[in-house]
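Undergrad: So that we are looking at the same thing, I have put the structure below in structure tokens.
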Amino acid sequence: MEFNEKALIKQLSKYKFRDLTVEDLKNVHKIFPELKSSMDTYRSSYNIPIRIWILDSHPFGPPLCFLRPTSNMIIREGKHVDLQGRIYLPYLQHWSHPKTNVVGLLHEMITKFEEVPPLYAKPSTDGMSLTELNTYLADISSGLSDISLRSKLEAGEQHFSKVTVLGDGDLGMACAMSILAKEAAEKLALISTSENAMKGGSLDMEIFSLPRVEISSDFSNSAGSNVVIVTANTWGGEESYLKALQSNVDLFRKIIPNTVQYSPNCVLIIASQPVDVMTYIGWKLSGFPSHRVIGTGCNLNTQRFQSILGKYLKSSVEKEAWIIGEHGDNEVAVWQGPAMGGGRNRSPDIIIDHDSHKQLACRVFKGLKEKGQRSWSVGLSVADITETILRNLGRSHSVSTLMKDRYEISAEVFLSLPCILTMAGVVNVTTPMLSEDEEAKLRSSAATLQSLLQQLKI
């Protein structure tokens with residue numbers, strides 16, 4: 001094939017070193033005359049696996065987008081992707097129907113990910129990396145067995161996760177210790193929000209230096225948290241409940257903006273009391289979408305309710321029994337029951353009709369109210385929620401969530417409902433079938449909360 005030098009010089013007119021390039025290609029042609037030169041624009045081509053969650057607020061609310069790396073891929077954290085693979089794009093941030101849609105979102109993903117690919121190939125290795133080997137040997141030296149270490153490695157516990165607990169009072173300490181006991185996070189930051197360090201428990205924790213725990217009063221140490229748990233309360237002995245509550249709101253006005261600044265992609269778990277009110281305050285002050293702000297709500301009492309009924313009936317009731325609504329005296333016990341129209345329960349020695357089923361639920365619910373809630377038990381509940389989020393388990397919890405447009409509630413208030421939780425926060429909300437009286441009780445709680453919120457200076 002003839003070498004057309006003049007045509008090539010014209011094609012390469014924008015090349016900085018055109019003549020040298022032409023000379024090099026001329027030599028190539030002499031040795032490999034069958035090769036043909038042609039001009040084109042180079043474009044990188046990547047197959048990037050993604051998952052898009054279309055939520056029930058679509059098309060008015062943006063979808064949740066995640067990378068789904070294969071076993072030989074590693075996520076490259078950057079401007080548009082976090083370590084867990086959550087995708088953040090300007091298109092999602094400025095989502096506004098009908099100007100935005102999924103097709104437009106995909107086009108933006110293509111453009112952004114061609115500029116900076118969010119995944120890269122995992123280096124090939126026949127064994128552990130040097131870092132893994134050093135860690136492995138250190139763990140053996142500390143007394144862990146080879147079997148337990150291997151099971152940890154095979155379980156895929158490789159992604160980094162960080163939790164921050166705001167507040168070092170009894171509840172904050174209970175949350176921190178429970179999360180550490182569950183080994184739900186690789187790192188935990190305990191941030192004191194009190195001016196008097198002697199009042200909280202962080203001093204003792206700092207003295208005895210627990211592994212994987214960082215103690216501080218500096219919010220910058222919370223940076224990059226996947227989950228931030230707010231336990232801080234300030235009750236100054238004011239004369240009225242409203243004044244005491246306002247002091248808590250004022251505290252939130254200081255700590256929530258700092259939280260958002262250092263962990264803009266976190267899920268907020270509110271455990272401060274009163275939890276339904278403070279969850280709303282946290283949502284408003286953070287500017288987060290409602291699915292990323294949840295209150296501990298009725299999770300603890302739901303777990304107790306399900307456990308007691310399950311032991312009594314000798315079968316699981318996890319999908320049937322819930323405590324929902326306003327946390328406290330106005331909670332609503334919901335149990336659909338395994339056999340609502342009469343007949344036998346799966347436990348053959350217990351006959352369940354509508355009345356006896358209701359009586360059993362009432363007895364258990366009454367016992368829960370008498371039991372009360374202490375800091376350590378709430379801490380266990382918070383750790384359970386945190387584990388579900390960090391490990392992306394998709395379990396259901398009765399947590400405080402935005403109730404607007406549910407059960408004919410028009411107000412922006414937070415009450416507990418069964419919610420499926422993942423690392424994105426709330427991905428689905430279940431609305432159990434209720435009686436007229438139960439629905440009226442929820443609406444009454446919503447009205448009370450709305451009236452209270454209107455009196456606060458947020």
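Residues are referred to by chain and number: the chain letter is A, B, ... according to the order shown in the structure tokens, the number counts from 1 in that chain, and ligands are numbered separately from 1 in the order shown.
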Would you list the contacts of region 205-210 of chain A as a list in words, taking every protein, DNA or RNA residue within 12 Å and counting only C-alpha atoms, but skipping same-chain residues closer than 2 positions in sequence?

TA: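 Here the answer would be Asp168, Gly169, Gly172, Met173, Ala174, Ala176, Met177, Leu180, Ala181, Lys187, Leu188, Ala189, Leu190, Ile191, Ser192, Ala197, Met198, Gly200, Gly201, Ser202, Leu203, Arg212, Val213, Glu214, Ile215, Ser216 and Ser217 of chain A.
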
Undergrad: Quick one: residues within 8 Å of Gly61 (chain A), only C-alpha atoms, excluding same-chain residues fewer than 5 positions away - as a short mmCIF file (atom, residue, chain, number, x, y, z; two decimals) with N, CA, C and O atoms, in the first residue's frame?

TA:
data_model
loop_
_atom_site.label_atom_id
_atom_site.label_comp_id
_atom_site.auth_asym_id
_atom_site.auth_seq_id
_atom_site.Cartn_x
_atom_site.Cartn_y
_atom_site.Cartn_z
N LEU A 55 -37.44 5.93 43.63
CA LEU A 55 -38.22 5.96 44.86
C LEU A 55 -39.67 6.33 44.59
O LEU A 55 -40.03 6.76 43.48
N TRP A 95 -32.22 18.32 40.84
CA TRP A 95 -33.34 17.57 40.25
C TRP A 95 -34.63 18.37 40.35
O TRP A 95 -35.01 18.84 41.43
N SER A 96 -35.32 18.54 39.22
CA SER A 96 -36.55 19.33 39.19
C SER A 96 -37.41 18.88 38.03
O SER A 96 -37.10 19.16 36.86
#

Undergrad: Tell me, as a list of chain:residue names, which residues lie within 10 Å of Ser444 (chain A), counting only C-alpha atoms; anything in the same chain fewer than 5 positions away does not count.

TA: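 With the cut-off at 10 Å, the set is A:Glu326, A:Asn330, A:Ile409, A:Glu438, A:Glu439, A:Leu449, A:Gln450.
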
Undergrad: What's the 12 Å shell around Ser445 (chain A), counting only C-alpha atoms, without same-chain residues fewer than 4 positions away, as a ChimeraX atom specification?

TA: /A:276-277,324-332,403,407,409,411,413-416,438-441,449-452

Undergrad: Enumerate, as number ranges by chain, the complete set of residues in region 203-249 of chain A that a backbone-based DSSP assignment places in helix (DSSP H, G or I).

TA: A: 203-208, 219-222, 241-249

Undergrad: Give me, as a list in words, all polymer residues having an atom no more than 12 Å from Val427 (chain A), counting only C-alpha atoms and skipping those fewer than 6 positions away in the same chain.

TA: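 Residues meeting the cut-off are Ile52, Trp53, Ile54, Leu55, Asp56, Ser57, Pro63, Leu64, Cys65, Pro289, Ser290, His291, Arg292, Val293, Ile294, Ile389, Asn392, Leu393, Gly394, Arg395, Ser396, His397, Thr401, Pro418, Cys419, Ile420 and Leu421 of chain A.
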